[in-house]
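Engineer: Sharing a structure, written as structure tokens. Questions coming.
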Amino acid sequence: MTLVGRAVLLAATIALSSCSFVKVFAQTNKIGRIDGTVLYEDGRPVDGATVYAYPADRGMAGNVPSATTDEQGRFQIAHLWLGQFAIGAKKENEGYPDTGKPFYSDGRKLEYVTLTAKRPSATVTVLLGPKAGVLVGRVEDAVTKVPIDPCVDFHLVSDPNNFLSGTGLVNAKYRVLVPPNQDLIMKIWHEGYLPWYYPGTSNKSKAKPLRLKSGEQRTLNIRLQRGTDASDAGCNSSLCFPHCRP
């Protein structure tokens, strides 16, 4: 599960998860529809992108409505309730993160649509790009080499309230997308271990920014040292999941 700072929803503070679970209260008359096209920056259609319609004015229990684009980049998300949605798209296997998450937006405005009884459908165009930076590697015990599935925090240096935090982002063997050309503070933590800060220190004051170019891939193998530091345990956000708290 992951948490994202500055969540897309304007009417409530929520957590967007890796399984796209959002706490929302849905209408029963789902007559709305959003269709459109997803394009690369050069205008080519994106085949196989996942498109999400994030509820922007209410809550709901369930998965975020989504669809997959065809060879022409076209998609349709049907059976939606009436209201406002923020539209995001991703194709992570090619290095394109979810444009609906502010952590990856780089200040770009999100695409919003409002469905009403008079206008229950809308058409949008979503642009992917630029590509994210890609971190790959392993997380393990420094002595035993046992694989570890840790908690992780990524915070933008320029805006500490804009973050990605939780479990599932970085596993024992991981591949994670990070915003390109941005300075990030990266923290890894697991119960029974000292925190790990990039580039490889347990001392927060010695942490240095991580920065990747668009499309750059970097291998980062992380070895956690046994120990405890009550003053710097758990993840750094107030929305931390229980199992990521000290």
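So you can find residues: chains in the structure tokens are A, B, ... in the order shown, residues in each start at 1, and ligands are numbered from 1 in order.
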Tell me, as a VMD selection string, which residues lie within 6 Å of range 99-108 of chain A, counting only C-alpha atoms; anything in the same chain fewer than 5 positions away does not count.

Structural biologist: chain A and resid 88 to 89 162 179

Engineer: Using the chain letters and numbers from this document, which residues of range 3-245 of chain A does DSSP assign to strand (DSSP E or B), as a count of residues only?

Structural biologist: 106

Engineer: Taking into account only C-alpha atoms, which residue in the set A:Thr37, A:Thr219, A:Thr68, A:Ser158 is nearest to Tyr174 in chain A?

Structural biologist: A:Thr219

Engineer: Go through A:Leu110, A:Ile31, A:Val38, A:Val64 and flag the residue nearest Trp81 in chain A, using only C-alpha atoms for the distances.

Structural biologist: A:Ile31

Engineer: Name the residues in contact with range 146-149 of chain A at a cut-off of 8 Å, using only C-alpha atoms, excluding same-chain residues fewer than 3 positions from it; report them as a PDB file with C-alpha atoms, in the first residue's frame.

Structural biologist:
```pdb
ATOM      1  CA  ARG A 138      17.388  -5.333  -3.902  1.00  0.00           C
ATOM      2  CA  VAL A 139      16.829  -4.751  -0.190  1.00  0.00           C
ATOM      3  CA  GLU A 140      18.397  -7.211   2.251  1.00  0.00           C
ATOM      4  CA  ASP A 141      19.847  -7.718   5.713  1.00  0.00           C
ATOM      5  CA  THR A 167       4.891  -0.410   1.436  1.00  0.00           C
ATOM      6  CA  GLY A 168       4.886  -2.161  -1.937  1.00  0.00           C
ATOM      7  CA  VAL A 170      10.173  -0.957  -2.870  1.00  0.00           C
ATOM      8  CA  ASN A 171      10.195  -4.687  -2.184  1.00  0.00           C
ATOM      9  CA  ALA A 172      13.067  -7.090  -1.619  1.00  0.00           C
ATOM     10  CA  LYS A 173      13.548  -6.975  -5.393  1.00  0.00           C
ATOM     11  CA  HIS A 190      11.899  -1.831   8.544  1.00  0.00           C
TER      12      HIS A 190
END
```

Engineer: Would you please extract all alpha helix (DSSP H) residues from range 31-235 of chain A, as assigned by DSSP on the backbone, and give them as a PyMOL selection string?

Structural biologist: chain A and resi 102-105

Engineer: Taking 3 positions as the minimum chain separation for residues in the same chain, which residues sit within 10 Å of Leu212 in chain A when counting only C-alpha atoms? Answer as a ChimeraX atom specification.

Structural biologist: /A:132-135,177-184,215-218

Engineer: For the selection just defined, write its residues with C-alpha atoms to a file, as a PDB file, in the first residue's frame.

Structural biologist:
```pdb
ATOM      1  CA  ALA A 132      10.360   9.014 -15.079  1.00  0.00           C
ATOM      2  CA  GLY A 133      13.704   7.971 -13.679  1.00  0.00           C
ATOM      3  CA  VAL A 134      13.866   4.278 -12.747  1.00  0.00           C
ATOM      4  CA  LEU A 135      15.415   2.775  -9.623  1.00  0.00           C
ATOM      5  CA  LEU A 177       9.619   5.135 -10.887  1.00  0.00           C
ATOM      6  CA  VAL A 178      10.721   8.519  -9.519  1.00  0.00           C
ATOM      7  CA  PRO A 179      10.043  12.036 -10.844  1.00  0.00           C
ATOM      8  CA  PRO A 180      12.781  13.053 -13.297  1.00  0.00           C
ATOM      9  CA  ASN A 181      15.068  16.036 -12.793  1.00  0.00           C
ATOM     10  CA  GLN A 182      13.890  16.501  -9.209  1.00  0.00           C
ATOM     11  CA  ASP A 183      15.872  16.304  -5.965  1.00  0.00           C
ATOM     12  CA  LEU A 184      14.377  13.610  -3.707  1.00  0.00           C
ATOM     13  CA  GLY A 215      14.604   7.773 -18.790  1.00  0.00           C
ATOM     14  CA  GLU A 216      17.692   7.169 -16.629  1.00  0.00           C
ATOM     15  CA  GLN A 217      17.886   3.809 -14.844  1.00  0.00           C
ATOM     16  CA  ARG A 218      20.038   3.346 -11.754  1.00  0.00           C
TER      17      ARG A 218
END
```

Engineer: Which residues come within 6 Å of Tyr52 in chain A, counting only C-alpha atoms, excluding same-chain residues fewer than 4 positions away, as a CSV table (one decimal) with C-alpha atoms, in the first residue's frame?

Structural biologist:
```
chain,number,residue,atom,x,y,z
A,65,PRO,CA,-12.6,3.3,-12.2
A,66,SER,CA,-10.1,2.5,-15.0
A,87,ILE,CA,-8.1,11.8,-15.2
A,88,GLY,CA,-4.7,10.2,-15.0
```

Engineer: From the list A:Ile222, A:Ala78, A:Val46, A:Ala86, which residue is nearest Gly137 in chain A when using only C-alpha atoms?

Structural biologist: A:Ile222

Engineer: Can you work out which one of A:Phe75, A:Phe163, A:Tyr40, A:Tyr193 has the shortest atom-to-atom distance to Val143 in chain A, counting only C-alpha atoms?

Structural biologist: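 Using only C-alpha atoms, Val143 in chain A sits closest to A:Tyr193.
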
Engineer: Please, what distance in Å, to one decimal, runs between CA of Asn93 in chain A and CA of Val124 in chain A?

Structural biologist: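 CA of Asn93 in chain A sits 23.2 Å away from CA of Val124 in chain A.
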
Engineer: Would you mind telling me which residue in A:Leu156, A:Val136, A:Leu128, A:Val176 lies nearest to Asp42 in chain A when using only C-alpha atoms?

Structural biologist: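 Nearest candidate to Asp42 in chain A out of A:Leu156, A:Val136, A:Leu128, A:Val176: A:Leu128.
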
Engineer: Go through A:Arg223, A:Lys90, A:His79, A:Arg33 one by one, measure the shortest atom-to-atom distance of each to Lys145 in chain A using only C-alpha atoms, and give the residue with the smallest value.

Structural biologist: A:Arg223

Engineer: When you draw a straight line from CA of Trp196 in chain A to CA of Leu220 in chain A, how long is it in Å?

Structural biologist: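 CA of Leu220 in chain A lies 12.1 Å from CA of Trp196 in chain A.
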